[in-house]
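*Asks:* Before I ask anything, here is the structure I am working with.
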Amino acid sequence: MSEDPGKTGRRDAFITVSGQAIERLYGPADTAGLEYQRDLGDPGDFPYTRGIQPSMYRGRLWTMRQFAGFGTAEESNARYRFLLEQGQTGLSVAFDFPTLLGYDSDHPRSEGEVGKLGVAIDTLADMEILFDGIPLDRVSTSMTINAPAAVLWAMYVVVAEKQGVSRTQITGTIQNDILKEYMAQKTFVFPPRPSMRLVTDTFAFGAREAPRWNTISISGYHIREAGATAAQELAFTLASGREYVRAGIEAGLQVDDFAPRLSFFFNSHVDFFEELAKFRAARRIWAREMRDRFGATSPRSWMLRFHTQTAGCSLTAQQPENNIVRTALQALAAVLGGTQSLHTNSMDEALALPSEEAVRIALRTQQMIAEESGVANTVDPLGGSYFVEALTNQLEEQAYAYFDRIDRLGGVVAAIEKGFFQREIADSAYRYQRRVESGELVVVGVNRYAGGQSSPVKLLRVGPESQRRQLDRLARTKRERDRRAVADALDRLRAAAGGGDNLMYPILDAVRAYASLGEIMAVLREEFGEYREEAIF
Amino acid sequence: MDLASRLRAGDAAALARAITLVENSDAGARRLLSELYPHTGRARVIGITGPPGVGKSTLTDQLAVEFRSEGGLVGVVAVDPTSPFTGGAILGDRVRMTRGAGDPGVFIRSLATRGQLGGLSRATGDVIKLMDAGGRDVILVETVGAGQAEIDIMHYAHSTLVVVAPGLGDEIQAIKAGIMEIGHVFVVNKADRDGADRTAAELEMMLEMAPDRDPGAWRPPVIRTVARDGSGVSEVRRQADAHWAYLKREGGLEEGRRRRAASELAAMAGSLAERHLLEWARISGAWNRVLDQVTERQVDPYGGAEVLFREYREAALLSRTPGNAGGREEL
Amino acid sequence: MGKIIRVLVAKPGLDSHDRGAKVVARAYRDAGMEVIYTGLHQTPEQVAEAVVQEDADVLAISILSGAHEVLVPRMVELLRRRGRGDVLVLVGGVVPDDDVPALLQAGVARVFGPGSRLDEIVEFTRRAVEGSG
Ligand SMILES: Nc1nc2c(ncn2[C@@H]2O[C@H](COP(=O)(O)OP(=O)(O)O)[C@@H](O)[C@H]2O)c(=O)[nH]1
Ligand SMILES: [Mg+2]
């Protein structure tokens with residue numbers, strides 16, 4: 001056996017799930033260049049590496065926000081009420097594919113998809129039912145919606161108004177991150193340029209009318225799910241963030257007027273330390289970029305606030321109960337990384353929509369971390385660890401290396417058009433898959449310890465009755481609404497789309513007249529054209 | 001019905017299967033092609049070449065729709081490279097061909113180069129014939145777009161479109177060096193981007209500097225397009241039509257037909273002769289004998305080849321003498 | 001030159017998760033096959049037409065939207081009507097166990113669920129195509 005302790009071990013190389021090599025030991029030499037005030041700072045102080053608030057979870061726990069939605073608005077409404085009763089503190093709406101792509105439930109392409117993996121929303125009538133009995137002045141709502149984000153947000157604003165809740169009171173988030181759609185998630189509708197206009201229109205509307213609403217959730221989650229590494233998730237997400245800030249400034253907004261409403265959304269994958277280092281690096285990079293590159297002066301513009309979801313792609317269909325433990329570890333990394341809100345996946349999410357029991361366990365997991373484990377008693381307990389700080393630095397360096405490459409390609413949109421992100425992600429996804437198949441990466445229950453029985457998981461299914469009910473309601477709404485008002489509102493929207501006015505206002509009018517999502521998006525499709533993916537392998 | 005008749009009747013599945021046979025050099029492919037040959041020569045073939053990513057597939061799709069609007073049937077051959085390491089390929093041009101793809105009047109076939117250089121698949125010429133016999137009025141051939149060596153298309157196409165995009169920089173130079181001469185219509189695609197005017201001007205200048213043309217000779221136009229939304233595409237079609245009319249008017253069509261037939265015949269005759277000569281040399285033992293001499297520097301390769309050829313010709317003459325007939329009648 | 005297996009990788013329906021489709025496409029390519037990729041959001045009619053024109057031996061359908069019950073049997077039926085009932089149809093993605101028998105009944109040769117090995121998919125494909133001659 002070799003004398004060098006680094007040469008002895010169970011394996012030839014120790015790597016993270018992203019393929020990053022890890023040393024046997026980290027020590028003072030690995031953090032030698034680190035200056036506490038400059039690079040870490042106390043929690044609540046620039047550059048926020050240790051957290052954005054001085055007291056963090058001693059003051060307030062993170063928001064426990066389980067993503068849910070399926071079938072019709074009635075069914076989802078019932079699930080939301082259940083979750084709120086169980087102690088959940090915020091809602092997170094999942095929409096079905098037709099809604100995500102701006103098609104009504106009666107569109108031929110929607111067949112078989114209505115209500116399948118999220119709730120179907122066609123008109124304001126659906127939205128009224130979705131939030132029936134849920135006080136929108138007290139519950140914050142996150143909506144996972146991108147290409148049609150402006151339309152769904154408008155519906156939410158109008159439902160709140162009908163409850164007597166003003167725009168200035170509503171709190172929540174629309175995902176609205178179209179750039180990562182072109183990079184990874186692929187639920188785009190329009191080409192990048194008009195899409196960016198819709199985004200900046202929502203920024204402007206939010207800054208003026210709904211100051212407590214997060215107008216975007218810049219999302220690495222889907223980039224990671226598409227197969228990216230931790231460094232790619234970090235770099236591509238923050239690169240998008242920079243692009244949105246530039247776009248907002250170019251649209252004539254003051255950076256400190258909209259930057260505080262930018263929020264982020266990350267994945268928490270299986271490599272515990274790599275993930276929590278990623279979150280810490282993200283805060284530091286963002287604070288420096290905002291202050292030094294964009295000249296933001298408000299500390300609220302410097303702070304990176306983020307939601308985390310545990311990694312859906314890490315869930316296994318084999319031995320699904322193992323997913324409970326996997327998810328708990330990922331959730332712990334998110335909490336130790338200082339997340340503001342968290343979704344923990346249910347054990348059966350690799351298979352279908354989560355059942356109520358599985359959702360309860362997932363929520364209880366968060367509650368155990370918060371209330372039993374003691375990790376929320378102090379802020380950033382891992383700060384100063386040689387390993388954690390070295391990994392944080394390393395991820396930061398990798399992110400800046402990507403920023404350079406993206407800048408050389410002419411920015412995020414140009415890099416999208418050249419297929420840069422798509423190719424990087426596809427390469428990583430393929431490499432990961434090969435590593436799992438060669439056994440270099442272990443997935444318990446899949447390529448190691450695969451023996452043993454696992455109990456069948458009860459799955460939730462959305463039946464054809466849901467689709468039928470949705471179609472009936474849409475037909476009724478279309479019959480009963482004021483046809484004239486709809487046509488006029490859509491005409492005004494078309495005119496605004498052709499010009500330069502903020503589109504939120506005509507969209508609000510159209511929504512209020514019960515124009516459907518599909519009708520509104522059809523007008524915009526005509527005006528803006530549709531985007532086709534890049535065929536990148 | 002047999003495959004040839006089904007193909008001629010316009011059956012897409014039959015055309016598709018025939019293409020597969022030809023691509024795989026299947027035993028039946030030769031017979032099928034000779035059976036269909038009399039029914040070819042009708043279709044108009046347009047080549048679309050240029051560097052990767054300039055929008056060839058997108059433009060091809062738009063052109064397919066243009067030509068369809070006149071009622072004719074369209075065939076599209078889209079060539080992508082084969083991986084030299086694995087022999088496999090990912091053929092992605094269809095992703096950009098969504099407008100045409102919904103319409104059975106547009107028959108799209110993706111081909112891999114399968115080791116062939118020059119931007120086309122070895123089977124391209126035969127695939128064109130099959131589509132022609134299958135009633136496709138216009139056949140659009142999109143090349144790989146690997147750069148300089150993309151001149152093979154001129155052996156197959158009546159008209160060749162060379163597509164570029166702004167901001168290519170060096171690639172304009174490559175075009176100047178390589179494919180400038182073969183273009184009948186030049187397209188500056190992505191005209192929605194900065195620099196399109198400059199690229200068009202550069203092309204115009206290069207065309208100006210081309211060697212003097214006869215008065216009345218075809219002068220390649222430069223057209224700006226945004227293939228993604230279709231603008232400029234009908235102008236491309238008009239210019240392609242004008243080139244077609246020019247060929248007809250000036251007898252270029254006839255000339256081209258003969259030239260293409262000649263180059264195909266020459267290629268076929270050449271490969272046939274080569275195959276038979278080498279086969280004979282191996283069987284007769286002449287190959288090893290001459291190869292030894294060349295290896296030992298007793299004779300140079302050219303001289304050795306002459307020796308092989310002389311001996312081969314004598315043997316062939318002998319085999320023609322009466323009494324020996326029917327020996328190797330294929331010769 | 002021998003026969004090269006041609007696989008059409010299709011993403012019908014509205015779901016846009018193409019990670020699996022792309023990884024599988026690469027695996028087929030690296031195994032020496034020719035893969036035709038048609039892009040996201042294809043209708044069953046478009047997929048069937050493409051299979052016919054490309055004379056594909058294999059139709060590999062990736063679907064994660066839950067719409068497989070409707071879309072997959074329709075594609076198989078369209079292929080049959082076009083005289084291409086011989087195509088090897090594979091489905092990959094999230095298909096609950098309970099739905100598998102119906103898909104097999106409809107003419108799907110095999111369903112590859114989450115966690116399937118690439119080697120296994122490639123080998124199965126090769127054997128099924130070469131076995132059917
Ligand atoms: N901006 C712009 N992009 C285009 C245009 N035409 C095609 N593209 C895009 O350029 C990329 C490459 O197109 P493609 O047709 O695949 O090019 P090919 O490799 O030459 O066949 C795709 O992203 C197209 O959407 C255009 O007119 N303008
Ligand atoms: Mg192409």
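As shown in the structure tokens, the chain order sets the letters A, B, ...; within each chain, residues go from 1, and ligands are also counted from 1 in the order they appear.
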Could I get the residue neighbourhood of ligand 1 at 7 Å, counting only C-alpha atoms and all ligand atoms, as a list in words?

*Replies:*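 Sorted by chain and then by number, the residues are Glu417, Arg532 and Glu534 of chain A; Gly50, Pro51, Pro52, Gly53, Val54, Gly55, Lys56, Ser57, Thr58, Leu59, Asp93, Arg96, Gly145, Asn189, Lys190, Ala191, Asp192, Arg193, Thr225, Val226, Ala227, Arg228 and Asp229 of chain B.
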
*Asks:* With N, CA and C atoms retained, export the selected residues as a PDB file, in the first residue's frame.

*Replies:*
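File selection-v5.pdb, as written:
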ATOM      1  N   GLU A 417     -28.972  31.290 -29.345  1.00  0.00           N
ATOM      2  CA  GLU A 417     -29.167  31.089 -30.788  1.00  0.00           C
ATOM      3  C   GLU A 417     -28.054  30.254 -31.398  1.00  0.00           C
ATOM      4  N   ARG A 532     -38.815  28.008 -32.736  1.00  0.00           N
ATOM      5  CA  ARG A 532     -38.514  26.578 -32.847  1.00  0.00           C
ATOM      6  C   ARG A 532     -37.231  26.298 -32.101  1.00  0.00           C
ATOM      7  N   GLU A 534     -33.607  24.660 -31.070  1.00  0.00           N
ATOM      8  CA  GLU A 534     -32.373  24.317 -31.759  1.00  0.00           C
ATOM      9  C   GLU A 534     -32.199  22.799 -31.671  1.00  0.00           C
TER      10      GLU A 534
ATOM     11  N   GLY B  50     -23.940  25.891 -48.270  1.00  0.00           N
ATOM     12  CA  GLY B  50     -23.443  26.999 -47.457  1.00  0.00           C
ATOM     13  C   GLY B  50     -23.058  26.477 -46.085  1.00  0.00           C
ATOM     14  N   PRO B  51     -22.346  27.297 -45.313  1.00  0.00           N
ATOM     15  CA  PRO B  51     -21.820  26.851 -44.020  1.00  0.00           C
ATOM     16  C   PRO B  51     -22.917  26.400 -43.051  1.00  0.00           C
ATOM     17  N   PRO B  52     -22.557  25.605 -42.053  1.00  0.00           N
ATOM     18  CA  PRO B  52     -23.548  25.136 -41.077  1.00  0.00           C
ATOM     19  C   PRO B  52     -24.150  26.307 -40.301  1.00  0.00           C
ATOM     20  N   GLY B  53     -25.426  26.205 -40.031  1.00  0.00           N
ATOM     21  CA  GLY B  53     -26.062  27.180 -39.156  1.00  0.00           C
ATOM     22  C   GLY B  53     -26.532  28.457 -39.825  1.00  0.00           C
ATOM     23  N   VAL B  54     -26.329  28.584 -41.141  1.00  0.00           N
ATOM     24  CA  VAL B  54     -26.747  29.827 -41.795  1.00  0.00           C
ATOM     25  C   VAL B  54     -28.245  29.848 -42.066  1.00  0.00           C
ATOM     26  N   GLY B  55     -28.903  28.705 -41.935  1.00  0.00           N
ATOM     27  CA  GLY B  55     -30.348  28.671 -42.152  1.00  0.00           C
ATOM     28  C   GLY B  55     -30.760  27.898 -43.396  1.00  0.00           C
ATOM     29  N   LYS B  56     -29.921  26.979 -43.841  1.00  0.00           N
ATOM     30  CA  LYS B  56     -30.252  26.205 -45.036  1.00  0.00           C
ATOM     31  C   LYS B  56     -31.541  25.396 -44.859  1.00  0.00           C
ATOM     32  N   SER B  57     -31.653  24.717 -43.731  1.00  0.00           N
ATOM     33  CA  SER B  57     -32.846  23.888 -43.519  1.00  0.00           C
ATOM     34  C   SER B  57     -34.099  24.757 -43.442  1.00  0.00           C
ATOM     35  N   THR B  58     -33.975  25.857 -42.736  1.00  0.00           N
ATOM     36  CA  THR B  58     -35.120  26.752 -42.585  1.00  0.00           C
ATOM     37  C   THR B  58     -35.547  27.284 -43.958  1.00  0.00           C
ATOM     38  N   LEU B  59     -34.575  27.689 -44.756  1.00  0.00           N
ATOM     39  CA  LEU B  59     -34.861  28.196 -46.089  1.00  0.00           C
ATOM     40  C   LEU B  59     -35.436  27.099 -46.986  1.00  0.00           C
ATOM     41  N   ASP B  93     -32.234  17.853 -39.450  1.00  0.00           N
ATOM     42  CA  ASP B  93     -32.777  18.916 -40.299  1.00  0.00           C
ATOM     43  C   ASP B  93     -34.299  19.009 -40.234  1.00  0.00           C
ATOM     44  N   ARG B  96     -36.209  21.785 -38.340  1.00  0.00           N
ATOM     45  CA  ARG B  96     -36.445  23.094 -38.958  1.00  0.00           C
ATOM     46  C   ARG B  96     -37.483  23.021 -40.082  1.00  0.00           C
ATOM     47  N   GLY B 145     -22.930  21.250 -45.466  1.00  0.00           N
ATOM     48  CA  GLY B 145     -22.482  22.582 -45.091  1.00  0.00           C
ATOM     49  C   GLY B 145     -21.166  22.578 -44.356  1.00  0.00           C
ATOM     50  N   ASN B 189     -28.932  35.117 -45.720  1.00  0.00           N
ATOM     51  CA  ASN B 189     -30.028  34.858 -44.785  1.00  0.00           C
ATOM     52  C   ASN B 189     -29.744  35.568 -43.456  1.00  0.00           C
ATOM     53  N   LYS B 190     -30.732  35.554 -42.564  1.00  0.00           N
ATOM     54  CA  LYS B 190     -30.646  36.245 -41.275  1.00  0.00           C
ATOM     55  C   LYS B 190     -30.445  37.742 -41.500  1.00  0.00           C
ATOM     56  N   ALA B 191     -31.155  38.250 -42.487  1.00  0.00           N
ATOM     57  CA  ALA B 191     -31.042  39.671 -42.798  1.00  0.00           C
ATOM     58  C   ALA B 191     -31.617  40.526 -41.679  1.00  0.00           C
ATOM     59  N   ASP B 192     -32.261  39.888 -40.700  1.00  0.00           N
ATOM     60  CA  ASP B 192     -32.720  40.642 -39.532  1.00  0.00           C
ATOM     61  C   ASP B 192     -31.561  40.986 -38.614  1.00  0.00           C
ATOM     62  N   ARG B 193     -30.399  40.437 -38.871  1.00  0.00           N
ATOM     63  CA  ARG B 193     -29.242  40.702 -38.012  1.00  0.00           C
ATOM     64  C   ARG B 193     -28.387  41.817 -38.571  1.00  0.00           C
ATOM     65  N   THR B 225     -32.639  37.448 -47.134  1.00  0.00           N
ATOM     66  CA  THR B 225     -33.842  36.776 -46.632  1.00  0.00           C
ATOM     67  C   THR B 225     -33.829  36.713 -45.108  1.00  0.00           C
ATOM     68  N   VAL B 226     -35.016  36.545 -44.574  1.00  0.00           N
ATOM     69  CA  VAL B 226     -35.153  36.133 -43.169  1.00  0.00           C
ATOM     70  C   VAL B 226     -35.946  34.828 -43.241  1.00  0.00           C
ATOM     71  N   ALA B 227     -35.216  33.740 -43.370  1.00  0.00           N
ATOM     72  CA  ALA B 227     -35.891  32.464 -43.604  1.00  0.00           C
ATOM     73  C   ALA B 227     -36.830  32.127 -42.460  1.00  0.00           C
ATOM     74  N   ARG B 228     -36.482  32.583 -41.264  1.00  0.00           N
ATOM     75  CA  ARG B 228     -37.273  32.223 -40.097  1.00  0.00           C
ATOM     76  C   ARG B 228     -38.703  32.727 -40.211  1.00  0.00           C
ATOM     77  N   ASP B 229     -38.888  33.926 -40.828  1.00  0.00           N
ATOM     78  CA  ASP B 229     -40.281  34.370 -40.983  1.00  0.00           C
ATOM     79  C   ASP B 229     -40.715  34.392 -42.446  1.00  0.00           C
TER      80      ASP B 229
END

*Asks:* Taking only C-alpha atoms into account and nothing else, which residues of chain C lie no more than 9 Å away from chain A? Please answer as a ChimeraX atom specification.

*Replies:* /C:13-20,22-27,37-41,43,65-71,94-96,113-115,117-119

*Asks:* Would you write out those residues with C-alpha atoms, as a short mmCIF file (atom, residue, chain, number, x, y, z; two decimals), in the first residue's frame?

*Replies:*
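To be explicit, this is the file written out as out.cif:
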data_model
loop_
_atom_site.label_atom_id
_atom_site.label_comp_id
_atom_site.auth_asym_id
_atom_site.auth_seq_id
_atom_site.Cartn_x
_atom_site.Cartn_y
_atom_site.Cartn_z
CA GLY C 13 -47.48 15.76 -27.20
CA LEU C 14 -46.85 18.98 -25.39
CA ASP C 15 -44.27 18.00 -22.82
CA SER C 16 -40.90 19.54 -23.46
CA HIS C 17 -38.53 17.46 -21.38
CA ASP C 18 -36.12 16.31 -24.03
CA ARG C 19 -33.26 15.18 -21.79
CA GLY C 20 -34.18 11.52 -22.16
CA LYS C 22 -31.47 13.38 -26.47
CA VAL C 23 -29.49 11.01 -24.31
CA VAL C 24 -31.09 8.04 -26.06
CA ALA C 25 -30.47 9.59 -29.49
CA ARG C 26 -26.78 9.89 -28.69
CA ALA C 27 -26.62 6.34 -27.44
CA TYR C 37 -34.83 13.67 -34.64
CA THR C 38 -38.01 15.56 -35.43
CA GLY C 39 -38.22 18.00 -32.56
CA LEU C 40 -40.67 18.84 -29.83
CA HIS C 41 -44.45 18.95 -29.87
CA THR C 43 -48.62 15.56 -33.62
CA SER C 65 -46.68 14.30 -20.20
CA GLY C 66 -49.01 11.48 -19.28
CA ALA C 67 -50.72 11.71 -22.65
CA HIS C 68 -49.31 8.36 -23.77
CA GLU C 69 -52.67 6.63 -23.40
CA VAL C 70 -54.11 8.78 -26.18
CA LEU C 71 -51.13 9.52 -28.41
CA VAL C 94 -42.91 8.09 -17.26
CA VAL C 95 -45.50 5.39 -17.82
CA PRO C 96 -47.15 3.96 -14.70
CA GLY C 113 -39.32 3.24 -17.68
CA PRO C 114 -37.20 5.67 -15.66
CA GLY C 115 -33.79 4.26 -14.81
CA ARG C 117 -29.94 1.48 -19.03
CA LEU C 118 -28.85 2.87 -22.40
CA ASP C 119 -27.01 -0.35 -23.22
#

*Asks:* What is the atom CA of B:Pro220 to atom CA of B:Ser159 distance in Å?

*Replies:*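 For atom CA of B:Pro220 relative to atom CA of B:Ser159, the distance reads 10.6 Å.
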
*Asks:* Find the distance between atom CA of B:Arg99 and atom CA of C:Arg84 and write it in Å to one decimal.

*Replies:*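 It comes out at 23.5 Å.
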
*Asks:* Return as a PyMOL selection string the full set of residues in stretch 36-174 of chain B whose backbone-based DSSP assignment is strand (DSSP E).

*Replies:* chain B and resi 44-49+74-80+89-91+106-112+138-142+159-164

*Asks:* Counting only C-alpha atoms, give me one row per residue of chain C with an atom at most 6 Å from an atom of chain B, showing the shortest contact pair and its distance in Å to one decimal, sorted by chain then residue number, as CSV.

*Replies:*
residue,atom,partner,partner_atom,distance
C:Met1,CA,B:Asn24,CA,5.8
C:Lys3,CA,B:Asn24,CA,5.7
C:Arg29,CA,B:Gly88,CA,4.4
C:Asp30,CA,B:Thr86,CA,5.4
C:Gly32,CA,B:Gly88,CA,3.7
C:Met33,CA,B:Gly88,CA,4.5
C:Glu34,CA,B:Ala89,CA,4.7
C:Val35,CA,B:Ile90,CA,4.7
C:Ile36,CA,B:Leu91,CA,4.8
C:Tyr37,CA,B:Gly92,CA,5.2
C:Thr38,CA,B:Val95,CA,4.8
C:Gly39,CA,B:Val95,CA,4.9
C:Gln46,CA,B:Gly102,CA,5.7
C:Val52,CA,B:Ala13,CA,5.5
C:Gln53,CA,B:Ala16,CA,5.3
C:Glu54,CA,B:Arg109,CA,5.5
C:Asp55,CA,B:Ala16,CA,5.3

*Asks:* May I have the selected residues written with N, CA and C atoms, as a PDB file, in the first residue's frame?

*Replies:*
ATOM      1  N   MET C   1     -22.171  -2.623 -48.602  1.00  0.00           N
ATOM      2  CA  MET C   1     -22.448  -1.986 -47.302  1.00  0.00           C
ATOM      3  C   MET C   1     -23.673  -2.623 -46.657  1.00  0.00           C
ATOM      4  N   LYS C   3     -26.793  -3.168 -43.763  1.00  0.00           N
ATOM      5  CA  LYS C   3     -27.923  -2.347 -43.398  1.00  0.00           C
ATOM      6  C   LYS C   3     -27.589  -1.540 -42.150  1.00  0.00           C
ATOM      7  N   ARG C  29     -26.739   6.754 -31.785  1.00  0.00           N
ATOM      8  CA  ARG C  29     -25.701   7.177 -32.720  1.00  0.00           C
ATOM      9  C   ARG C  29     -24.375   6.501 -32.390  1.00  0.00           C
ATOM     10  N   ASP C  30     -24.040   6.499 -31.092  1.00  0.00           N
ATOM     11  CA  ASP C  30     -22.758   5.916 -30.699  1.00  0.00           C
ATOM     12  C   ASP C  30     -22.726   4.412 -30.906  1.00  0.00           C
ATOM     13  N   GLY C  32     -23.741   3.260 -33.691  1.00  0.00           N
ATOM     14  CA  GLY C  32     -23.637   3.125 -35.139  1.00  0.00           C
ATOM     15  C   GLY C  32     -24.960   3.185 -35.886  1.00  0.00           C
ATOM     16  N   MET C  33     -25.990   3.686 -35.240  1.00  0.00           N
ATOM     17  CA  MET C  33     -27.279   3.790 -35.929  1.00  0.00           C
ATOM     18  C   MET C  33     -27.503   5.219 -36.427  1.00  0.00           C
ATOM     19  N   GLU C  34     -28.441   5.346 -37.342  1.00  0.00           N
ATOM     20  CA  GLU C  34     -28.810   6.680 -37.817  1.00  0.00           C
ATOM     21  C   GLU C  34     -30.103   7.107 -37.129  1.00  0.00           C
ATOM     22  N   VAL C  35     -30.036   8.264 -36.508  1.00  0.00           N
ATOM     23  CA  VAL C  35     -31.158   8.742 -35.714  1.00  0.00           C
ATOM     24  C   VAL C  35     -31.768   9.961 -36.391  1.00  0.00           C
ATOM     25  N   ILE C  36     -33.047   9.902 -36.624  1.00  0.00           N
ATOM     26  CA  ILE C  36     -33.732  11.070 -37.162  1.00  0.00           C
ATOM     27  C   ILE C  36     -34.491  11.712 -36.011  1.00  0.00           C
ATOM     28  N   TYR C  37     -34.165  12.972 -35.739  1.00  0.00           N
ATOM     29  CA  TYR C  37     -34.829  13.669 -34.639  1.00  0.00           C
ATOM     30  C   TYR C  37     -35.773  14.703 -35.243  1.00  0.00           C
ATOM     31  N   THR C  38     -37.020  14.709 -34.766  1.00  0.00           N
ATOM     32  CA  THR C  38     -38.013  15.560 -35.425  1.00  0.00           C
ATOM     33  C   THR C  38     -38.431  16.746 -34.582  1.00  0.00           C
ATOM     34  N   GLY C  39     -37.927  16.816 -33.359  1.00  0.00           N
ATOM     35  CA  GLY C  39     -38.216  18.004 -32.557  1.00  0.00           C
ATOM     36  C   GLY C  39     -39.419  17.835 -31.649  1.00  0.00           C
ATOM     37  N   GLN C  46     -47.861  13.933 -37.784  1.00  0.00           N
ATOM     38  CA  GLN C  46     -46.525  14.326 -38.237  1.00  0.00           C
ATOM     39  C   GLN C  46     -45.518  13.207 -37.981  1.00  0.00           C
ATOM     40  N   VAL C  52     -42.752   7.150 -42.185  1.00  0.00           N
ATOM     41  CA  VAL C  52     -42.923   6.620 -43.537  1.00  0.00           C
ATOM     42  C   VAL C  52     -41.846   7.184 -44.458  1.00  0.00           C
ATOM     43  N   GLN C  53     -41.698   8.496 -44.488  1.00  0.00           N
ATOM     44  CA  GLN C  53     -40.757   9.111 -45.419  1.00  0.00           C
ATOM     45  C   GLN C  53     -39.321   8.696 -45.130  1.00  0.00           C
ATOM     46  N   GLU C  54     -38.999   8.581 -43.870  1.00  0.00           N
ATOM     47  CA  GLU C  54     -37.622   8.239 -43.509  1.00  0.00           C
ATOM     48  C   GLU C  54     -37.383   6.734 -43.537  1.00  0.00           C
ATOM     49  N   ASP C  55     -38.418   5.984 -43.793  1.00  0.00           N
ATOM     50  CA  ASP C  55     -38.334   4.519 -43.806  1.00  0.00           C
ATOM     51  C   ASP C  55     -37.621   4.006 -42.556  1.00  0.00           C
TER      52      ASP C  55
END

*Asks:* Tell me which of A:Asp472, A:Ser263, A:Arg193, A:Gln340 sits closest to chain B, counting only C-alpha atoms.

*Replies:*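 Of all the options, A:Arg193 lies closest to chain B.
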
*Asks:* So which bits of stretch 156-282 of chain A end up alpha helix (DSSP H) when you DSSP the backbone, as a ChimeraX atom specification?

*Replies:* /A:156-162,179-180,192-209,221-225,230-250,255-258,272-282

*Asks:* Could you name the residues that touch stretch 230-242 of chain B at 12 Å or less, counting only C-alpha atoms, but leaving out those on the same chain fewer than 6 positions away, as a VMD selection string?

*Replies:* (chain A and resid 529) or (chain B and resid 44 to 48 55 to 56 58 to 70 99 138 140 157 to 163 183 to 192 218 to 224 248 to 250)

*Asks:* Identify which of the residues B:Leu247, B:Leu130, B:Ala196, B:Ile139 lies closest to B:Pro38, counting only C-alpha atoms when measuring atom-to-atom distances.

*Replies:*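 With only C-alpha atoms as the atom set, the closest residue is B:Leu130.
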
*Asks:* In Å, with one decimal, what is the gap from atom CA of A:Gly312 to atom CA of C:Pro101?

*Replies:*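 Answer for the atom CA of A:Gly312 to atom CA of C:Pro101 separation: 26.2 Å.
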
*Asks:* Do a neighbour search on A:Gly118 at 9 Å with only C-alpha atoms, toss out local chain neighbours closer than 5 positions, and write the hits as a ChimeraX atom specification.

*Replies:* /A:68-72,76,93-97,99,353

*Asks:* Only C-alpha atoms, please: the residues just picked out, written as a PDB file, in the first residue's frame.

*Replies:*
ATOM      1  CA  ALA A  68     -49.099  21.236  -6.472  1.00  0.00           C
ATOM      2  CA  GLY A  69     -51.815  21.309  -9.035  1.00  0.00           C
ATOM      3  CA  PHE A  70     -53.668  18.808 -11.148  1.00  0.00           C
ATOM      4  CA  GLY A  71     -56.924  18.239 -12.938  1.00  0.00           C
ATOM      5  CA  THR A  72     -59.468  20.977 -12.688  1.00  0.00           C
ATOM      6  CA  SER A  76     -56.414  21.766  -7.092  1.00  0.00           C
ATOM      7  CA  VAL A  93     -49.232  26.337  -8.576  1.00  0.00           C
ATOM      8  CA  ALA A  94     -48.371  23.736 -11.193  1.00  0.00           C
ATOM      9  CA  PHE A  95     -50.104  24.207 -14.539  1.00  0.00           C
ATOM     10  CA  ASP A  96     -50.772  21.559 -17.155  1.00  0.00           C
ATOM     11  CA  PHE A  97     -48.918  21.503 -20.452  1.00  0.00           C
ATOM     12  CA  THR A  99     -51.613  26.103 -20.106  1.00  0.00           C
ATOM     13  CA  LEU A 353     -48.446  13.105  -9.516  1.00  0.00           C
TER      14      LEU A 353
END

*Asks:* Which residues, written as a list of chain:residue names, have at least one atom at most 6 Å from stretch 323-330 of chain A, with only C-alpha atoms counted and residues fewer than 2 positions away on the same chain left out?

*Replies:*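 Contacts, with the query itself left out: A:Ser268, A:His269, A:Val270, A:Thr310, A:Leu315, A:Pro320, A:Glu321, A:Leu332, A:Ala333, A:Met347.
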